[in-house]
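What follows is a single structure, written as structure tokens, with notes after it.
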Amino acid sequence: MLVDTHAHLNFEDFDKDREEVIRRAFEGGIKAIINVGTNYKTSKKAVEIAEKYDKGVFAAIGLHPIHTDEGFDYEKYKELGRSKKVVAIGEVGLDYWRKPEDKEEFKIFQEKQKEILLKQLSLANDLNLPVIFHCRKAHDDLIKILHGTAPSKLKGVVHCFTGKWQQAEKYLEVGFYLGFNGIIFKLNLNDVIKKTPLDRILIETDCPFLTPPDFSEKRNNPLGVRYVAQRVAEIKNITFEEVAEKTTKNAEKLF
């Protein structure tokens with residue numbers, strides 16, 4: 001059994017066949033799916049989907065850094081987070097991928113993302129929930145926050161990890177997990193995966209994105225997590241069963 005710890009079945013890409021995708025996932029050995037919000041609309045949708053299922057489907061709520069212009073309404077998200085199906089705050093974090101070229105504008109851009117991130121970390125602390133982090137081209141800044149101004153008892157995962165081993169070590173030092181998905185077929189993350197203890201790894205799809213190359217479906221879905229688990233097993237020179245068992249336990253422990 002496997003857990004897809006980061007999916008977006010709450011996105012419009014799945015509006016026509018969402019229930020069928022979830023049914024096939026369960027039949028194909030997926031034990032649980034966490035649908036992750038990127039703003040209030042998709043967070044609310046993730047909760048609505050999760051509440052239709054007695055077990056196996058959960059939600060994370062949060063404002064993705066690329067949507068900071070929408071603003072973060074603490075109380076609205078807090079009310080959403082009261083659902084028993086909400087298991088994390090996310091995805092939240094920092095994203096400097098499409099940054100302003102002007103230095104002063106970039107500084108304002110950075111500070112706005114950091115301000116909203118800290119509000120969401122406070123929400124995670126208030127609701128006693130782990131955090132699902134998105135971080136792109138900003139690992140050093142996120143590490144500084146986690147080692148400094150962030151609430152001290154935070155738990156979480158850095159989803160779709162693409163950083164260096166030295167950065168991975170800093171996340172592991174504060175007790176975080178690293179999430180791996182189909183990006184490992186595009187970038188060489190072998191060294192990081194080899195060095196990261198299996199009990200600190202989570203696997204995910206980020207579907208509908210990052211479809212593994214051998215997956216028969218163009219649009220990624222939770223069944224794609226099997227290919228990620230198999231690749232992690234190959235890189236660490238262990239069995240698929242070991243990866244499946246341990247990453248499932250890791251997901252249950254964190255969420």
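FYI, nothing fancy with the structure tokens labels: chains A, B, ... in order, residues from 1 per chain, ligands from 1 as they appear.
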(Q) Need the shell around Leu223 of chain A: protein/DNA/RNA residues with any atom at most 10 Å away, counting only C-alpha atoms. Skip same-chain ones fewer than 3 positions apart. Format as a ChimeraX atom specification? (A) /A:2-4,21-22,24-30,204-205,207,215,217,220,226-228
Using only C-alpha atoms, I'd like a table of the residues in segment 100-215 of chain A that come within 6 Å of segment 72-93 of chain A; for each, show the closest atom pair and its distance in Å rounded to one decimal, ordered by chain and ascending number, as JSON lines.
{"residue": "A:Leu117", "atom": "CA", "partner": "A:Gly93", "partner_atom": "CA", "distance": 5.8}
{"residue": "A:Ala124", "atom": "CA", "partner": "A:Ile89", "partner_atom": "CA", "distance": 5.9}
{"residue": "A:Leu129", "atom": "CA", "partner": "A:Ala88", "partner_atom": "CA", "distance": 5.2}
{"residue": "A:Pro130", "atom": "CA", "partner": "A:Ala88", "partner_atom": "CA", "distance": 5.0}
{"residue": "A:Val131", "atom": "CA", "partner": "A:Ile89", "partner_atom": "CA", "distance": 4.8}
{"residue": "A:Ile132", "atom": "CA", "partner": "A:Gly90", "partner_atom": "CA", "distance": 4.5}
{"residue": "A:Phe133", "atom": "CA", "partner": "A:Val92", "partner_atom": "CA", "distance": 5.1}
{"residue": "A:His134", "atom": "CA", "partner": "A:Gly93", "partner_atom": "CA", "distance": 4.9}
{"residue": "A:Cys135", "atom": "CA", "partner": "A:Gly93", "partner_atom": "CA", "distance": 5.7}
Selected residues written out, N, CA and C atoms, as a JSON list (two decimals), in the first residue's frame:
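The resulting selection.json:
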[["chain", "number", "residue", "atom", "x", "y", "z"],
["A", 117, "LEU", "N", 3.89, 33.66, 4.65],
["A", 117, "LEU", "CA", 4.34, 32.35, 5.12],
["A", 117, "LEU", "C", 4.30, 32.29, 6.65],
["A", 124, "ALA", "N", -0.67, 26.92, 11.42],
["A", 124, "ALA", "CA", -0.31, 25.52, 11.65],
["A", 124, "ALA", "C", -0.07, 25.26, 13.12],
["A", 129, "LEU", "N", -1.13, 21.41, 13.32],
["A", 129, "LEU", "CA", -1.05, 20.65, 12.09],
["A", 129, "LEU", "C", 0.34, 20.76, 11.48],
["A", 130, "PRO", "N", 0.79, 19.73, 10.79],
["A", 130, "PRO", "CA", 2.07, 19.80, 10.08],
["A", 130, "PRO", "C", 1.93, 20.71, 8.86],
["A", 131, "VAL", "N", 3.07, 21.03, 8.26],
["A", 131, "VAL", "CA", 3.11, 21.96, 7.14],
["A", 131, "VAL", "C", 3.66, 21.26, 5.90],
["A", 132, "ILE", "N", 3.03, 21.52, 4.76],
["A", 132, "ILE", "CA", 3.56, 21.06, 3.48],
["A", 132, "ILE", "C", 4.17, 22.28, 2.79],
["A", 133, "PHE", "N", 5.49, 22.26, 2.66],
["A", 133, "PHE", "CA", 6.21, 23.40, 2.10],
["A", 133, "PHE", "C", 6.44, 23.27, 0.60],
["A", 134, "HIS", "N", 6.22, 24.38, -0.09],
["A", 134, "HIS", "CA", 6.65, 24.53, -1.47],
["A", 134, "HIS", "C", 7.85, 25.46, -1.43],
["A", 135, "CYS", "N", 8.94, 25.08, -2.08],
["A", 135, "CYS", "CA", 10.11, 25.96, -2.10],
["A", 135, "CYS", "C", 10.82, 25.83, -3.44]]
(Q) Run DSSP on the backbone and tell me which residues of segment 23-70 of chain A come out as strand (DSSP E or B); list them as a PyMOL selection string. (A) chain A and resi 30-36+57-61
Pull N, CA and C atoms from the residues just selected and write them as a PDB file, in the first residue's frame.
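What follows is the written file result_23.pdb:
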ATOM      1  N   ILE A  30      -3.402   2.243  -3.652  1.00  0.00           N
ATOM      2  CA  ILE A  30      -3.165   3.514  -2.963  1.00  0.00           C
ATOM      3  C   ILE A  30      -4.029   3.547  -1.709  1.00  0.00           C
ATOM      4  N   LYS A  31      -3.377   3.659  -0.564  1.00  0.00           N
ATOM      5  CA  LYS A  31      -4.088   3.625   0.715  1.00  0.00           C
ATOM      6  C   LYS A  31      -4.735   4.957   1.048  1.00  0.00           C
ATOM      7  N   ALA A  32      -4.047   6.051   0.707  1.00  0.00           N
ATOM      8  CA  ALA A  32      -4.561   7.379   1.048  1.00  0.00           C
ATOM      9  C   ALA A  32      -4.030   8.423   0.075  1.00  0.00           C
ATOM     10  N   ILE A  33      -4.799   9.484  -0.058  1.00  0.00           N
ATOM     11  CA  ILE A  33      -4.465  10.604  -0.938  1.00  0.00           C
ATOM     12  C   ILE A  33      -4.679  11.893  -0.164  1.00  0.00           C
ATOM     13  N   ILE A  34      -3.695  12.776  -0.208  1.00  0.00           N
ATOM     14  CA  ILE A  34      -3.856  14.099   0.390  1.00  0.00           C
ATOM     15  C   ILE A  34      -3.937  15.115  -0.745  1.00  0.00           C
ATOM     16  N   ASN A  35      -5.112  15.734  -0.897  1.00  0.00           N
ATOM     17  CA  ASN A  35      -5.279  16.785  -1.896  1.00  0.00           C
ATOM     18  C   ASN A  35      -4.898  18.117  -1.276  1.00  0.00           C
ATOM     19  N   VAL A  36      -4.031  18.826  -1.968  1.00  0.00           N
ATOM     20  CA  VAL A  36      -3.400  20.010  -1.397  1.00  0.00           C
ATOM     21  C   VAL A  36      -3.914  21.285  -2.058  1.00  0.00           C
ATOM     22  N   VAL A  57      -9.155   9.714   1.852  1.00  0.00           N
ATOM     23  CA  VAL A  57      -8.981  10.982   1.146  1.00  0.00           C
ATOM     24  C   VAL A  57      -8.959  12.114   2.174  1.00  0.00           C
ATOM     25  N   PHE A  58      -7.905  12.927   2.101  1.00  0.00           N
ATOM     26  CA  PHE A  58      -7.701  13.992   3.081  1.00  0.00           C
ATOM     27  C   PHE A  58      -7.371  15.303   2.370  1.00  0.00           C
ATOM     28  N   ALA A  59      -7.270  16.377   3.152  1.00  0.00           N
ATOM     29  CA  ALA A  59      -7.037  17.696   2.564  1.00  0.00           C
ATOM     30  C   ALA A  59      -5.952  18.457   3.309  1.00  0.00           C
ATOM     31  N   ALA A  60      -5.271  19.320   2.557  1.00  0.00           N
ATOM     32  CA  ALA A  60      -4.361  20.311   3.134  1.00  0.00           C
ATOM     33  C   ALA A  60      -4.824  21.664   2.617  1.00  0.00           C
ATOM     34  N   ILE A  61      -4.719  22.686   3.450  1.00  0.00           N
ATOM     35  CA  ILE A  61      -5.209  24.008   3.066  1.00  0.00           C
ATOM     36  C   ILE A  61      -4.101  25.039   3.201  1.00  0.00           C
TER      37      ILE A  61
END
Q. Could you pull out all residues of segment 51-248 of chain A with a DSSP call of alpha helix (DSSP H) and give them as a ChimeraX atom specification?
A. /A:74-80,103-127,139-146,165-173,190-195,225-236,240-248
Q. Given the choices A:Lys99, A:Lys55, A:Lys119, A:His67, which gets closest to Lys41 of chain A if the distance is worked out from only C-alpha atoms?
A.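 Nearest candidate to Lys41 of chain A out of A:Lys99, A:Lys55, A:Lys119, A:His67: A:His67.
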**Q.** Who sits within 9 Å of Asp141 of chain A, only C-alpha atoms, same chain under 3 positions skipped, as a ChimeraX atom specification
**A.** /A:94,114,138,144-146
Q: Could you jot down the atom CA of Trp97 of chain A to atom CA of Ile66 of chain A separation for me, Å, one decimal place?
A: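 Taking atom CA of Trp97 of chain A as the start and atom CA of Ile66 of chain A as the end point, the length is 9.3 Å.
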(Q) Can you pull out the residues contacting segment 170-184 of chain A? Cut-off 7 Å, using only C-alpha atoms, and skip same-chain residues under 6 positions away; I want them as a list in words. (A)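 Listing them by chain and then by number gives Ile143, Lys155, Gly156, Val157, Val158, His159, Cys160, Phe161, Arg200, Ile201, Leu202, Ile203, Glu204, Thr205, Asp206, Leu210, Thr211, Pro212 and Val228 of chain A.
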Let me see the file: selected residues, N, CA and C atoms, as a PDB file, in the first residue's frame.
ATOM      1  N   ILE A 143      15.168  28.015   4.930  1.00  0.00           N
ATOM      2  CA  ILE A 143      15.944  27.408   6.015  1.00  0.00           C
ATOM      3  C   ILE A 143      16.187  28.421   7.133  1.00  0.00           C
ATOM      4  N   LYS A 155       6.134  20.754  12.490  1.00  0.00           N
ATOM      5  CA  LYS A 155       6.450  19.506  11.796  1.00  0.00           C
ATOM      6  C   LYS A 155       6.087  19.709  10.339  1.00  0.00           C
ATOM      7  N   GLY A 156       6.737  18.957   9.452  1.00  0.00           N
ATOM      8  CA  GLY A 156       6.337  19.128   8.064  1.00  0.00           C
ATOM      9  C   GLY A 156       7.208  18.413   7.063  1.00  0.00           C
ATOM     10  N   VAL A 157       6.928  18.711   5.803  1.00  0.00           N
ATOM     11  CA  VAL A 157       7.645  18.113   4.680  1.00  0.00           C
ATOM     12  C   VAL A 157       7.933  19.188   3.645  1.00  0.00           C
ATOM     13  N   VAL A 158       9.109  19.112   3.066  1.00  0.00           N
ATOM     14  CA  VAL A 158       9.440  19.972   1.931  1.00  0.00           C
ATOM     15  C   VAL A 158       9.100  19.169   0.688  1.00  0.00           C
ATOM     16  N   HIS A 159       7.969  19.513   0.090  1.00  0.00           N
ATOM     17  CA  HIS A 159       7.465  18.736  -1.036  1.00  0.00           C
ATOM     18  C   HIS A 159       8.278  19.026  -2.300  1.00  0.00           C
ATOM     19  N   CYS A 160       8.353  18.033  -3.188  1.00  0.00           N
ATOM     20  CA  CYS A 160       9.054  18.176  -4.471  1.00  0.00           C
ATOM     21  C   CYS A 160      10.459  18.743  -4.256  1.00  0.00           C
ATOM     22  N   PHE A 161      11.204  18.114  -3.362  1.00  0.00           N
ATOM     23  CA  PHE A 161      12.520  18.653  -3.012  1.00  0.00           C
ATOM     24  C   PHE A 161      13.455  18.608  -4.215  1.00  0.00           C
ATOM     25  N   ARG A 200      12.742   9.358   6.664  1.00  0.00           N
ATOM     26  CA  ARG A 200      12.490  10.793   6.503  1.00  0.00           C
ATOM     27  C   ARG A 200      12.041  11.126   5.085  1.00  0.00           C
ATOM     28  N   ILE A 201      11.615  10.113   4.349  1.00  0.00           N
ATOM     29  CA  ILE A 201      11.180  10.299   2.959  1.00  0.00           C
ATOM     30  C   ILE A 201       9.676  10.086   2.826  1.00  0.00           C
ATOM     31  N   LEU A 202       9.040  10.987   2.096  1.00  0.00           N
ATOM     32  CA  LEU A 202       7.648  10.809   1.683  1.00  0.00           C
ATOM     33  C   LEU A 202       7.613  10.787   0.159  1.00  0.00           C
ATOM     34  N   ILE A 203       6.635  10.066  -0.392  1.00  0.00           N
ATOM     35  CA  ILE A 203       6.496  10.034  -1.842  1.00  0.00           C
ATOM     36  C   ILE A 203       5.162  10.650  -2.232  1.00  0.00           C
ATOM     37  N   GLU A 204       5.109  11.185  -3.443  1.00  0.00           N
ATOM     38  CA  GLU A 204       3.963  11.975  -3.872  1.00  0.00           C
ATOM     39  C   GLU A 204       3.910  12.004  -5.392  1.00  0.00           C
ATOM     40  N   THR A 205       2.821  12.546  -5.931  1.00  0.00           N
ATOM     41  CA  THR A 205       2.733  12.712  -7.387  1.00  0.00           C
ATOM     42  C   THR A 205       2.748  14.168  -7.831  1.00  0.00           C
ATOM     43  N   ASP A 206       2.160  15.068  -7.044  1.00  0.00           N
ATOM     44  CA  ASP A 206       1.914  16.448  -7.475  1.00  0.00           C
ATOM     45  C   ASP A 206       1.008  16.449  -8.706  1.00  0.00           C
ATOM     46  N   LEU A 210       4.033  16.478 -13.419  1.00  0.00           N
ATOM     47  CA  LEU A 210       5.210  15.624 -13.202  1.00  0.00           C
ATOM     48  C   LEU A 210       4.924  14.133 -13.397  1.00  0.00           C
ATOM     49  N   THR A 211       4.313  13.799 -14.507  1.00  0.00           N
ATOM     50  CA  THR A 211       4.014  12.406 -14.830  1.00  0.00           C
ATOM     51  C   THR A 211       5.299  11.610 -15.041  1.00  0.00           C
ATOM     52  N   PRO A 212       5.488  10.484 -14.341  1.00  0.00           N
ATOM     53  CA  PRO A 212       6.673   9.648 -14.566  1.00  0.00           C
ATOM     54  C   PRO A 212       6.733   9.183 -16.027  1.00  0.00           C
ATOM     55  N   VAL A 228       7.408   6.426  -8.600  1.00  0.00           N
ATOM     56  CA  VAL A 228       8.320   7.182  -7.731  1.00  0.00           C
ATOM     57  C   VAL A 228       8.917   6.254  -6.675  1.00  0.00           C
TER      58      VAL A 228
END
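Distances here use only C-alpha atoms; by that measure, the residue among A:Lys52, A:His64, A:Lys44, A:Lys186 closest to Asn10 of chain A is A:Lys44.
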Q: May I ask for the distance between atom CA of Thr68 of chain A and atom CA of Asn128 of chain A, given in Å to one decimal place?
A: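 If I compute the distance from atom CA of Thr68 of chain A to atom CA of Asn128 of chain A, I get 23.2 Å.
Atom CA of Asp140 of chain A to atom CA of Gln113 of chain A spans 14.2 Å [interatomic distance, one decimal].
Across A:Asp199, A:Lys137, A:Leu154, A:Gly224, the tightest approach to Thr248 of chain A is made by A:Asp199 when counting only C-alpha atoms.
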Q | All residues 9 Å or closer to Leu189 of chain A, only C-alpha atoms, same chain fewer than 2 positions away omitted, as an MDAnalysis selection string | A | chainID A and resid 161:165 183:187 191:194
Okay, now the selection with C-alpha atoms, as a PDB file, in the first residue's frame?
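Contents of part.pdb, as written:
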ATOM      1  CA  PHE A 161      12.520  18.653  -3.012  1.00  0.00           C
ATOM      2  CA  THR A 162      15.037  19.837  -5.621  1.00  0.00           C
ATOM      3  CA  GLY A 163      17.746  21.374  -3.464  1.00  0.00           C
ATOM      4  CA  LYS A 164      21.301  20.363  -2.627  1.00  0.00           C
ATOM      5  CA  TRP A 165      22.287  17.845   0.025  1.00  0.00           C
ATOM      6  CA  ILE A 183      10.828  15.443 -10.692  1.00  0.00           C
ATOM      7  CA  ILE A 184      13.382  12.749  -9.810  1.00  0.00           C
ATOM      8  CA  PHE A 185      13.099  11.497 -13.393  1.00  0.00           C
ATOM      9  CA  LYS A 186      14.023  14.954 -14.702  1.00  0.00           C
ATOM     10  CA  LEU A 187      16.678  16.129 -12.238  1.00  0.00           C
ATOM     11  CA  ASP A 191      22.821  11.744  -4.072  1.00  0.00           C
ATOM     12  CA  VAL A 192      20.161  13.423  -1.930  1.00  0.00           C
ATOM     13  CA  ILE A 193      17.903  10.358  -2.068  1.00  0.00           C
ATOM     14  CA  LYS A 194      20.790   8.005  -1.213  1.00  0.00           C
TER      15      LYS A 194
END
